[in-house]
Every structure is written in structure tokens, then in C-alpha cells.
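Structure file coords.txt with compact mmCIF, C-alpha atoms:
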# COMPACT_ATOMS: atom_id res chain seq x y z
CA MET E 1 -43.19 -8.90 66.55
CA ARG E 2 -40.06 -10.86 67.49
CA ALA E 3 -40.32 -13.95 69.66
CA ALA E 4 -37.84 -15.93 71.75
CA LEU E 5 -38.23 -19.57 72.78
CA VAL E 6 -36.52 -20.24 76.12
CA THR E 7 -36.22 -23.77 77.49
CA GLY E 8 -35.98 -24.31 81.23
CA ILE E 9 -37.91 -21.10 81.86
CA SER E 10 -38.68 -21.98 85.50
CA GLY E 11 -35.04 -22.13 86.64
CA GLY E 12 -33.07 -19.25 88.07
CA ILE E 13 -31.32 -18.35 84.82
CA GLY E 14 -34.44 -19.24 82.81
CA THR E 15 -36.64 -16.75 84.65
CA ALA E 16 -33.99 -14.05 84.20
CA LEU E 17 -33.79 -14.87 80.48
CA GLY E 18 -37.54 -14.61 80.13
CA ALA E 19 -37.69 -11.26 81.89
CA ALA E 20 -34.75 -9.87 79.92
CA PHE E 21 -36.07 -10.88 76.51
CA ARG E 22 -39.52 -9.56 77.38
CA GLY E 23 -37.88 -6.31 78.48
CA ALA E 24 -36.14 -6.15 75.11
CA GLY E 25 -39.50 -6.33 73.33
CA TYR E 26 -39.72 -10.04 72.51
CA ARG E 27 -42.75 -12.26 72.89
CA VAL E 28 -41.34 -15.01 75.12
CA ILE E 29 -42.43 -18.63 74.89
CA GLY E 30 -41.13 -20.61 77.84
CA THR E 31 -40.88 -24.37 78.18
CA GLY E 32 -40.28 -26.60 81.15
CA ARG E 33 -41.74 -29.34 83.28
CA THR E 34 -43.33 -26.78 85.61
CA PRO E 35 -44.48 -23.20 84.87
CA ALA E 36 -42.27 -20.32 85.94
CA ASP E 37 -43.18 -18.19 88.93
CA GLY E 38 -44.07 -14.62 88.09
CA ASP E 39 -44.62 -12.87 84.80
CA VAL E 40 -41.54 -13.99 82.87
CA CYS E 41 -43.08 -15.35 79.68
CA ASP E 42 -46.06 -14.59 77.47
CA ALA E 43 -46.91 -18.27 76.99
CA PHE E 44 -45.79 -21.48 78.67
CA VAL E 45 -45.55 -24.87 76.97
CA GLU E 46 -45.00 -27.90 79.16
CA ALA E 47 -42.11 -30.02 77.89
CA ASP E 48 -39.88 -32.84 79.13
CA LEU E 49 -36.66 -32.56 77.12
CA ASN E 50 -35.53 -36.02 78.16
CA ARG E 51 -38.58 -37.42 76.40
CA ILE E 52 -38.35 -35.02 73.48
CA ALA E 53 -34.80 -36.23 72.78
CA GLU E 54 -36.11 -39.76 72.10
CA ASP E 55 -39.80 -39.45 71.17
CA ASP E 56 -40.75 -38.02 67.77
CA ALA E 57 -44.40 -37.67 68.78
CA ALA E 58 -43.48 -35.63 71.86
CA LEU E 59 -41.27 -33.38 69.75
CA ALA E 60 -44.04 -32.88 67.19
CA ALA E 61 -46.51 -31.99 69.95
CA LEU E 62 -44.09 -29.44 71.40
CA ALA E 63 -43.53 -27.90 67.97
CA ARG E 64 -47.27 -27.61 67.41
CA ASP E 65 -47.86 -25.99 70.79
CA VAL E 66 -44.97 -23.55 70.39
CA ARG E 67 -46.15 -22.50 66.93
CA THR E 68 -49.62 -21.90 68.34
CA ALA E 69 -48.18 -19.90 71.23
CA LEU E 70 -46.22 -17.67 68.86
CA ASP E 71 -49.58 -16.17 67.88
CA GLY E 72 -48.22 -14.63 64.69
CA ALA E 73 -44.88 -13.47 66.12
CA GLU E 74 -41.62 -14.33 64.31
CA LEU E 75 -39.43 -16.86 66.11
CA THR E 76 -36.09 -15.08 65.99
CA VAL E 77 -34.26 -16.57 69.00
CA LEU E 78 -34.00 -20.10 70.40
CA VAL E 79 -32.31 -20.24 73.81
CA ASN E 80 -31.33 -23.78 74.79
CA ASN E 81 -31.13 -23.12 78.52
CA ALA E 82 -32.60 -26.22 80.20
CA ALA E 83 -30.04 -28.58 81.69
CA ALA E 84 -29.71 -31.68 83.83
CA GLN E 85 -26.87 -31.74 86.36
CA ILE E 86 -26.54 -35.18 87.93
CA LEU E 87 -23.44 -35.52 90.09
CA ALA E 88 -21.82 -38.87 90.88
CA PRO E 89 -18.36 -40.44 91.00
CA VAL E 90 -17.38 -42.24 87.81
CA ASP E 91 -17.60 -45.68 89.42
CA THR E 92 -21.23 -45.18 90.50
CA LEU E 93 -22.58 -42.98 87.69
CA SER E 94 -25.53 -44.90 86.24
CA MET E 95 -26.19 -45.23 82.55
CA ASP E 96 -29.67 -43.84 83.14
CA ALA E 97 -28.13 -40.66 84.62
CA TRP E 98 -25.65 -40.49 81.74
CA ARG E 99 -28.35 -40.86 79.09
CA ARG E 100 -30.66 -38.34 80.75
CA THR E 101 -27.84 -35.79 80.93
CA MET E 102 -26.96 -36.22 77.27
CA ASN E 103 -30.62 -36.18 76.23
CA VAL E 104 -31.47 -32.94 78.02
CA ASN E 105 -28.19 -31.07 77.60
CA LEU E 106 -27.21 -32.08 74.06
CA THR E 107 -29.69 -34.12 72.02
CA ALA E 108 -32.79 -32.06 72.80
CA PRO E 109 -31.08 -28.76 71.87
CA PHE E 110 -30.02 -30.27 68.54
CA ARG E 111 -33.53 -31.58 67.89
CA LEU E 112 -35.03 -28.17 68.69
CA VAL E 113 -32.67 -26.46 66.25
CA GLN E 114 -33.69 -28.95 63.56
CA THR E 115 -37.37 -28.51 64.31
CA PHE E 116 -37.48 -24.71 64.37
CA LEU E 117 -34.87 -24.12 61.67
CA PRO E 118 -37.50 -22.99 59.09
CA GLU E 119 -38.76 -20.24 61.41
CA LEU E 120 -35.29 -19.18 62.54
CA GLU E 121 -33.99 -19.05 58.98
CA ALA E 122 -36.98 -17.06 57.74
CA ALA E 123 -36.36 -14.51 60.51
CA ARG E 124 -32.55 -14.51 60.02
CA GLY E 125 -32.51 -15.39 63.68
CA CYS E 126 -30.12 -17.04 66.08
CA VAL E 127 -29.59 -19.88 68.52
CA ILE E 128 -28.02 -19.34 71.92
CA ASN E 129 -26.84 -22.47 73.71
CA ILE E 130 -26.26 -22.06 77.44
CA GLY E 131 -22.99 -23.85 78.07
CA SER E 132 -20.79 -23.85 81.14
CA VAL E 133 -17.26 -23.31 82.39
CA HIS E 134 -17.39 -27.06 83.09
CA ALA E 135 -16.83 -27.57 79.37
CA GLN E 136 -13.32 -26.21 79.92
CA ALA E 137 -12.41 -26.98 83.54
CA THR E 138 -14.38 -29.16 85.91
CA LYS E 139 -14.54 -30.81 89.33
CA PRO E 140 -14.98 -34.32 90.72
CA GLU E 141 -18.37 -36.00 90.11
CA PHE E 142 -19.17 -33.82 87.07
CA ALA E 143 -18.27 -36.38 84.38
CA ALA E 144 -21.71 -36.49 82.75
CA TYR E 145 -22.43 -32.77 83.02
CA ALA E 146 -18.98 -31.61 81.91
CA THR E 147 -19.00 -33.99 78.95
CA SER E 148 -22.45 -32.84 77.84
CA LYS E 149 -21.47 -29.17 78.03
CA ALA E 150 -18.20 -29.72 76.17
CA ALA E 151 -20.23 -31.45 73.45
CA LEU E 152 -22.72 -28.56 73.41
CA HIS E 153 -19.86 -26.12 72.84
CA GLY E 154 -18.69 -28.31 69.96
CA LEU E 155 -22.22 -28.51 68.58
CA THR E 156 -22.37 -24.71 68.64
CA ARG E 157 -19.33 -24.49 66.37
CA ALA E 158 -20.56 -27.25 64.06
CA LEU E 159 -24.02 -25.70 63.68
CA ALA E 160 -22.51 -22.30 62.96
CA VAL E 161 -20.39 -23.77 60.17
CA ASP E 162 -23.29 -25.78 58.72
CA LEU E 163 -25.83 -22.98 58.87
CA GLY E 164 -23.56 -20.12 57.87
CA ALA E 165 -25.47 -16.91 57.22
CA ARG E 166 -28.83 -18.67 57.53
CA VAL E 167 -28.91 -18.72 61.35
CA ARG E 168 -26.26 -17.52 63.80
CA VAL E 169 -25.35 -19.95 66.59
CA ASN E 170 -23.44 -18.95 69.72
CA CYS E 171 -22.82 -20.28 73.20
CA LEU E 172 -22.98 -18.45 76.52
CA ALA E 173 -20.95 -20.22 79.21
CA PRO E 174 -21.41 -18.94 82.77
CA ALA E 175 -19.49 -19.81 85.89
CA ALA E 176 -21.31 -19.88 89.25
CA ILE E 177 -24.53 -17.85 89.10
CA ALA E 178 -26.51 -16.82 92.18
CA THR E 179 -29.71 -18.66 91.36
CA PRO E 180 -32.17 -19.45 94.17
CA MET E 181 -31.11 -23.11 93.94
CA LEU E 182 -27.43 -22.28 94.37
CA ILE E 183 -28.08 -19.89 97.25
CA ALA E 184 -30.26 -22.50 98.98
CA GLY E 185 -27.45 -25.03 98.65
CA PHE E 186 -25.18 -22.80 100.71
CA GLU E 187 -27.68 -22.06 103.48
CA GLY E 188 -25.84 -22.22 106.79
CA ARG E 189 -22.50 -22.51 104.98
CA GLU E 190 -21.40 -18.91 104.74
CA ALA E 191 -17.68 -19.74 104.80
CA ALA E 192 -18.07 -22.14 101.88
CA PHE E 193 -20.01 -19.52 99.92
CA GLN E 194 -17.31 -16.93 100.55
CA GLU E 195 -14.71 -19.44 99.37
CA LEU E 196 -16.68 -19.95 96.15
CA GLU E 197 -16.80 -16.19 95.60
CA ALA E 198 -13.07 -15.87 96.25
CA CYS E 199 -12.31 -18.43 93.52
CA HIS E 200 -13.39 -15.82 91.00
CA PRO E 201 -10.95 -12.95 90.36
CA LEU E 202 -13.89 -10.55 90.57
CA ASN E 203 -14.38 -11.90 94.12
CA ARG E 204 -18.04 -12.64 93.57
CA ILE E 205 -20.29 -14.94 91.59
CA GLY E 206 -22.54 -13.84 88.78
CA ALA E 207 -26.15 -12.65 88.92
CA PRO E 208 -28.87 -14.30 86.82
CA ASP E 209 -29.65 -10.97 85.17
CA GLU E 210 -26.03 -10.63 84.04
CA ALA E 211 -26.30 -13.94 82.20
CA ALA E 212 -29.66 -12.94 80.73
CA GLN E 213 -28.44 -9.57 79.49
CA ALA E 214 -25.43 -11.27 77.86
CA ALA E 215 -27.86 -13.54 76.00
CA VAL E 216 -29.94 -10.56 74.84
CA PHE E 217 -26.75 -8.97 73.52
CA LEU E 218 -25.78 -12.13 71.61
CA ALA E 219 -29.24 -12.10 70.00
CA SER E 220 -29.04 -8.43 69.07
CA PRO E 221 -27.81 -6.69 65.89
CA ALA E 222 -24.83 -5.51 67.94
CA ALA E 223 -23.56 -9.11 67.82
CA ALA E 224 -24.44 -9.68 64.16
CA PHE E 225 -20.88 -10.73 63.23
CA ALA E 226 -20.66 -13.31 66.04
CA THR E 227 -21.35 -16.95 65.23
CA GLY E 228 -19.75 -20.20 66.35
CA THR E 229 -18.26 -18.50 69.38
CA THR E 230 -18.44 -19.23 73.09
CA PHE E 231 -18.74 -16.22 75.39
CA TYR E 232 -17.43 -17.09 78.85
CA LEU E 233 -19.26 -15.15 81.55
CA ASP E 234 -17.00 -16.53 84.26
CA GLY E 235 -15.80 -13.72 86.50
CA GLY E 236 -12.27 -14.66 85.44
CA VAL E 237 -12.34 -18.09 87.09
CA LEU E 238 -10.98 -19.92 84.04
CA SER E 239 -8.02 -17.54 83.83
CA ARG E 240 -6.86 -18.25 87.37
CA LEU E 241 -4.20 -20.89 88.08
CA TYR E 242 -4.67 -22.77 91.34
CA ASP E 243 -1.19 -23.93 92.30
CA PRO E 244 -0.79 -25.48 95.77
CA ALA E 245 3.00 -25.19 95.59
File written out as C-alpha cells:
Amino acid sequence: MRAALVTGISGGIGTALGAAFRGAGYRVIGTGRTPADGDVCDAFVEADLNRIAEDDAALAALARDVRTALDGAELTVLVNNAAAQILAPVDTLSMDAWRRTMNVNLTAPFRLVQTFLPELEAARGCVINIGSVHAQATKPEFAAYATSKAALHGLTRALAVDLGARVRVNCLAPAAIATPMLIAGFEGREAAFQELEACHPLNRIGAPDEAAQAAVFLASPAAAFATGTTFYLDGGVLSRLYDPA
């Protein structure tokens, strides 16, 4: 049986990823600081990626628990989905916030690829890094997040070149996705939400399931010739020029 390891399983995109990979016949191992609601993974392993980025013992414990949770299934997909998004102006962005962002969004994904490379290579599997449109175009107060995602996109290309035919590595970069957290942030601000939708040429934001199904495709034989690429699931927002003139 095939298995997928999904970090950040309890978030809006994470739960959709878990459900989609389970629907595609994978055994899903989810990680996070808190378990996901509902039946979105076959096994849950508690993990703090900020700690895992710096602590070899914590990484070894996670690897042990994940391998136990696989229960004989082949680890064929690693989805680096978990992310920290700490917003602050440049002049007040703390080094602790900067380090945490880089740890969770960049260093931990790299460490997980290193750790599970034997299993992924044996299965001729793949890595899917969840990037962001912020790697390409960003907004005020996103310095840490945008930098980490741009680096993750670069890491995707570098890993693909290093690993070649051993393990495919791709990046899925969504724009705004209608997660419960995003929707809650616009409660009572309908005009602002409509403005966000209108920024996208499709005149709407994405659904978590759309991101999840794109990830399942990137992991599938239908995408077997894709590696080192970033797939922008952005509703066209990066193609649109905003010119006040």
C-alpha cells in the first residue's frame, strides 16, 4: 500500500490534503502540533517543526514514530505543507519570528526530505512542497514569510537537480485559499472579502480541495515527467498588472 506523509494536517489545506490522498488510496500519516478534526488521516504523529529544525533528537523521534505509523505501507509521498506566517513591518520584525519562520517553512522541510529519502527513493516517490504566490509577489509585512517561500521554491529546484530520477520534487504554490482561518479573518468584512476575490481574474479565491487535488495530481503517474517545477494555483492573480495610472 502507498502512504503519504502530510505535515500541518490540522490546517485548512492540510485537512483537505489528508482527505484527498486517502480518497486516492493512500495511507495518510499526518503531523502537527494538534490532531486534525475529522477522519482525514490514518495515523497522527505530534510534531513541532520549529523544534525539529534544530533538535536532532526530536527529528529522530518523529522519524521513528512515522515509520511505526506506516505499518508496512510504502512512503511514496512527502507533502511539506506546514507553515508559519508571522506578519510584521521590517522595523519591528523580531529575530525570533524570523528564525521560527525559516525553521518551519524551510529548514524542517529540508530535514524531512533528508530523513525520509531512503523510503522515498525505494518507492520511486516524490516530494511536494507547498509554496505560495508570495514567493513571486508579496505585500507589506510579509518579509519573513515571502522570503521563506521564495527559498522553498529554490530548494525545490535544487533538490530536483540533486535527486534526479531517484525522487521527484515539485512545488505547489496557491494564492488565497478559503480555509476556515481565512474565512474567519473576514467575518463582518464582506466588502473586503469581495475585494480579495476581485483581485483574482477568476473573480474568486481557491477552495482547499482544489489545492489538495492538484497535489494528488503532482504525486500521480500522470505527472511522472514533472520535477523541479512550481505549479501556481493562483486564479490568475500573478498575471494581473495593478496599475493605478
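Distances here use all atoms listed in the file; by that measure, the residue among E:Asn105, E:Thr147, E:Thr230, E:Thr179 closest to Ala214 in chain E is E:Thr230.
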Item to check | Of the listed residues E:Met1, E:Leu17, E:Cys126, E:Ala61, that which approaches Cys171 in chain E most closely, counting all atoms listed in the file | outcome: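 Nearest to Cys171 in chain E: E:Cys126.
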Item to check | All residues 12 Å or closer to Asp48 in chain E, all atoms listed in the file, same chain fewer than 5 positions away omitted, as a PyMOL selection string | outcome: chain E and resi 7-8+31-34+53-55+58-59+61-62+82-84+100+103-105+108
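Among the candidate residues E:Ala143, E:Val90, E:Ala137, E:Leu120, the one lying nearest to Glu74 in chain E is E:Leu120, with distances computed using only C-alpha atoms.
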So that each row is one residue of range 9-91 of chain E with an atom at most 10 Å from range 193-207 of chain E, can you give its shortest atom pair and the distance in Å to one decimal, using only C-alpha atoms, rows by chain and rising number, as JSON lines?
{"residue": "E:Gly12", "atom": "CA", "partner": "E:Ala207", "partner_atom": "CA", "distance": 9.6}
{"residue": "E:Ile13", "atom": "CA", "partner": "E:Ala207", "partner_atom": "CA", "distance": 8.7}
{"residue": "E:Ala16", "atom": "CA", "partner": "E:Ala207", "partner_atom": "CA", "distance": 9.3}
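With all atoms listed in the file as the basis for measurement, E:Val28 is the residue among E:Leu93, E:Ala150, E:Val28, E:Leu233 that approaches Val66 in chain E most closely.
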Checklist entry - For the atom pair CA of Ala135 in chain E and CA of Pro180 in chain E, what is the interatomic distance in Å to one decimal place? => result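 Atom-to-atom, CA of Ala135 in chain E to CA of Pro180 in chain E, that is 22.8 Å.
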Item to check | Polymer residues at most 9 Å from range 155-168 of chain E, all atoms listed in the file, same-chain spacing of 4 or more positions, as an NGL selection string | outcome: :E and (106 or 110 or 117 or 120-129 or 150-151 or 219 or 224-230)
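The smallest atom-to-atom distance between Arg27 in chain E and any of E:Thr15, E:Asn170, E:Asn50, E:Thr76, using only C-alpha atoms, is found for E:Thr76.
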Next on the checklist: Please compute the CA of Pro89 in chain E-CA of Thr101 in chain E distance, one decimal, in Å.
Outcome noted: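 Rounded to one decimal, the two atoms are 14.6 Å apart.
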Checklist entry - Which distance in Å separates CA of Thr68 in chain E and CA of Ala20 in chain E, to one decimal? => result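 Computed distance, CA of Thr68 in chain E to CA of Ala20 in chain E, equals 22.4 Å.
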Checklist entry - For Tyr232 in chain E, which residue among E:Gly188, E:Pro208, E:Gly14, E:Gly131 is the nearest when counting only C-alpha atoms? => result E:Gly131
Assuming 5 Å of padding per side, give the centre and edge lengths of the axis-aligned box around every listed atom of range 145-158 of chain E, in Å to one decimal and as JSON.
{"center_x": -20.5, "center_y": -29.2, "center_z": 73.5, "size_x": 14.5, "size_y": 19.5, "size_z": 29.0}
Checklist entry - Need the neighbours of (-34.8, -14.2, 72.6): which residues are at most 7 Å away, counting only C-alpha atoms, as a ChimeraX atom specification? => result /E:3-5,21,26,76-79,216,219
Next on the checklist: Can you tell me which residues surround Ala88 in chain E at a distance of at most 12 Å, considering only C-alpha atoms, apart from same-chain residues fewer than 4 positions away, and format the answer as number ranges by chain?
Outcome noted: E: 92-95, 97-98, 139-146
